[in-house]
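Notes for the one structure printed next.
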Amino acid sequence: MARLNSPEALENFRQEILSKRDPEKPCISICAGAGCIASGADEVIAAFSAEIEKEGLQAKVDTKGTGCPGFCERGPVVVIYPEEICYLQVTPEDVPEIISQTIKEKKVVDRLLYEDPVTGERAIHESDITFYKNQQRTVLCNNIKIDSKNIDDYLAIDGYSALAKALSKMTAVDVLEEVKKSNLRGRGGAGFPAGRKWEGSRNAPEPIKYVIVNADEGDPGAFMDRALLEGNPHSILEGLIIGGYAIGSNEGYIYVRQEYPLAVKNINLAIKQAEAYGLLGKNILGSGYDFNVFVHQGAGAFVCGESTALMTALEGRVGEPRPKYVRSNVKGLWERPSVLNNVETWANVPLIINNGADWFTEIGTEGSKGTKIFSLVGKITNTGLVEVPMGITLRDIIYKIGGGIPDGKKFKAVQTGGPSGGCIPEEQLDLEVGFDELTKAGSMMGSGGMIVMDEDTCMVDVARYFINFLTDESCGKCVPCREGLRQMHRILTNITEGKGEEGDIELLEVLSETAVEASLCALGKSAPNPFLSTLRYFRDEYEAHIKEKRCPALSCKELIAFYIDPGKCLACGICYKKCPAKAIDGGKKKIHIIDQEKCTNCGTCFEVCPPRFGAVAKISGEPVPPPIPEEKRIIIRKSKEK
Amino acid sequence: MSDIFLEIDGKEVKATEGMTVLAAAQSAGISIPTLCHHEKLEPFGGCRLCIVEAEARGWTKLVVSCVYPVEEKLIVRTRSEKIDRIRKTILELLLAHAPDSPALHDLAQVYGADKNRFEKEASFCIHCGLCVRYCAEVKKKHAVGFVDRGIRKEISFIPEIASKECNDCKECFPLCPTSYLQAAFVLTEALVFPSSSD
């Protein structure tokens, strides 16, 4: 393939690709993202290939492994074009039926369709599924349409047209102004306006400048960036080249975590393909603009997602943050002006250039424009990636898209913003999602992690969990973070173990103030958030733990006890057999008793006791009733009394 | 380099561009407490004890003076209720490691820090990095370095280098605000240095 030397050559080549493609030809798209691969997508892809060969349909049907469409809960996801029939949880055994029914007979296999849990209605198309219906997918929508390993697929959906437009029809300043006008804010955490960041770099006197993709996604449960890198790597690359052009940089870096092997593979492949087409390298599309990209793999430190630590690591040194009283867009990588933006931010750039800033600002709220991808996880019916317009309420995300809380449990809180974000309670669910709105509620947008918690979640334990994560991930350079978190973790652990003391809350507050005000980087400055936000909304839980040694959510192992209600136990013997600690005393027609000395609070008896008896009770903050006397333990059935 | 005038604790101070607030204060005889600072070394910003209040263009924020650059008309306050409270907490956190360090004791008296406020963690090193940075920046030997991260971070002599370089130098010993460095050295020496009989 010869290099494309002009925007016209790119357009002609695009038409050539399209002319070879028959839009009516069936195409089976199978999600090949990490989530679906874990659910067996590779086997499904292999089964399709084998079946198509067996049936001699190679010339009549296309198959492709695509990017992640987001509905990971029901993976592997298969979409069949042109009808866009969406099958969920497909296994290799389903493949022959799909080929014989859907491909050959044009019939829908009902049992593989999405079934609405409320109405029981089946949805044929992706867009009919409630999970997708309430989303607005401008960034993620292409994932399922393209084979992420094939640049021609990206070109077929107008890929690199924004780059061609920027290079041929806009000056660098025009591009910068368009991004500024769009009010695109960083999707990685702080929400800093991208245009202003770019402008600072463009205006910095140092001639060598850099643009960097932050793909060190490390928040527990978050995988937005992974899905984009794996599923649509060219969109990020295109955004990065446009950004480089706008600020006058000829060199870009992609810092991607090693734990994302597929993302690393796909982005490296994308760079090679773009170089071969002349979309990267010297004289891009004949414009005279040169740009090269390098991929750097992170070595597994969460703190390297922090901008200065990331740049230090790129320089080949230990990934520790450095003071940034001079911003890194002026003095960053190798002390040169460096624009660092998150994966999702870069992926939005081609859309803004193609559709214009006005299109972008029509979506969202006053302060937060465009859409945002969240990874919706935790106690939620529909786990997956969701892309929604800014300004949507948390309630709509959780109930309309997420399908609410499973198992009839009650919603308790949603944790947004990653480990150093905060927990938002029920009464704030009508909050409109936006950078400033979430910050005001004591949480933050972060990179888009969204963990839903139900009534069984102890908020003190949640704070302990996240502080533990951050203690582990602190780089250890500055005292307020390293030592402050160590002590916060110790105190929170004590509270969850029933060893909390009067004054612990106040001490945690002092440590929080020190970390927030005096830490070196954003990790330390935001690290107390899990504690501060849970204290703000769930103070009573802290007090119950400390004063009454009671865990209101009946979750903290050290503060609960299991007890068999003698009035309900029918001596079925299940708990007796299943107890791993041999702590249950039972026998035929004998009311079972838990030996509290032996009990490890594992909860097995609670889980296995048949619901129709419901004899095992979980209690906290009250003494366990004494065991009933031996002579009263014999169960005399009423029927036998007659 | 052009002169810059700023105000520290109500006093007008003359500094030059590129200077830190700490250096400017020291040049004017105004004392700000530090633990990880050393005039021969690059600013580190690790202990955060030199935190001060800086007011510029109507905005007041807390900054760390050993790394914060001076600017024209900057107003700096080196003590306030909040600053003192933060310094006290930082000292208490460090005293949990090194309750008998003289340097920490002296500062603890000034800020009313209680050495028993937090549960003791007997590791003695307060991670000021003076030894590590002095060896790297001044001596250019890299005989001692940091290993691991976060709360597991510690200093460690690199035996191959230390056995050759350290006996004749030991310039880092007096820099250590606790006695940990010498202990770590003696331990390394005992474990891996070639014995004199070899």
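In the structure tokens, each chain is lettered A, B, ... as it comes, each chain's residues begin at 1, and ligands are numbered from 1 in order of appearance.
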Residues of chain B no more than 8 Å from chain A, counting only C-alpha atoms: send them over as a ChimeraX atom specification.
/B:45-48,51,62-64,67-69,86,89-90,93-94,118-119,127,149-151,153
Mind checking which residues fall within 8 Å of Phe146 in chain B, counting only C-alpha atoms, ignoring those fewer than 5 positions away in the same chain, and posting them as a PyMOL selection string?
chain B and resi 132+153-156
From a DSSP pass on the backbone, collect the residues of range 498-623 of chain A flagged as strand (DSSP E) and hand them back as a PyMOL selection string.
chain A and resi 560-564+584-585+593-594+616-620
Residues near Leu228 in chain A, anyone? I mean within 8 Å using only C-alpha atoms, not counting same-chain ones fewer than 4 positions away, as an MDAnalysis selection string.
chainID A and resid 67:68 140 143 224 232:233 236 343:344
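The residue set within 12 Å of Ile37 in chain A, counting only C-alpha atoms and dropping same-chain residues fewer than 6 places from it, reads Ile30, Cys31, Glu43, Val44, Ile45, Ala46, Gly65, Thr66, Gly67, Cys68, Cys72, Gly75, Pro76, Val77, Gln89, Val90, Thr91, Glu230 and Leu262 of chain A.
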Using only C-alpha atoms, which of the listed residues (B:Phe157, B:Phe124, B:Tyr134, B:Phe5) sits closest to Phe44 in chain B?
B:Tyr134
Considering only C-alpha atoms, return as a ChimeraX atom specification whatever protein or nucleic-acid residues lie within 10 Å of Leu107 in chain B, sequence-local ones (same chain, fewer than 6 positions apart) excluded.
/B:33-35,87-88,91,113
Just to confirm, what's the straight-line distance from CA of Asp290 in chain A to CA of Asn342 in chain A in Å (one decimal)?
22.4 Å
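Excluding Lys40 in chain B itself and same-chain residues fewer than 4 positions from it, the residues having an atom within 12 Å of it are Cys36, Phe44, Leu130, Arg133, Tyr134, Cys135, Ala136, Glu137, Val138, Lys139 and Leu175 of chain B, counting only C-alpha atoms.
Scanning range 40-140 of chain A with DSSP on the backbone, the alpha helix (DSSP H) assignments fall on A:Ala41, A:Asp42, A:Glu43, A:Val44, A:Ile45, A:Ala46, A:Ala47, A:Phe48, A:Ser49, A:Ala50, A:Glu51, A:Ile52, A:Glu53, A:Lys54, A:Val95, A:Pro96, A:Glu97, A:Glu105, A:Thr130, A:Phe131, A:Tyr132, A:Lys133.
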Counting only C-alpha atoms, which of A:Gln136, A:Ser328, A:Asn529, A:Thr534 gets nearest to Val211 in chain A?
A:Ser328
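Compared by their closest atoms to Lys169 in chain A, and using only C-alpha atoms, the residues A:Cys609, A:Asn354, A:Thr361, A:Gly614 rank with A:Asn354 nearest.
Those residues that approach His97 in chain B to within 9 Å, counting only C-alpha atoms, are Leu93, Lys120, Glu121, Ala122, Ser123, Phe124, Cys125 and Ile126 of chain B; same-chain residues fewer than 4 positions away are not listed.
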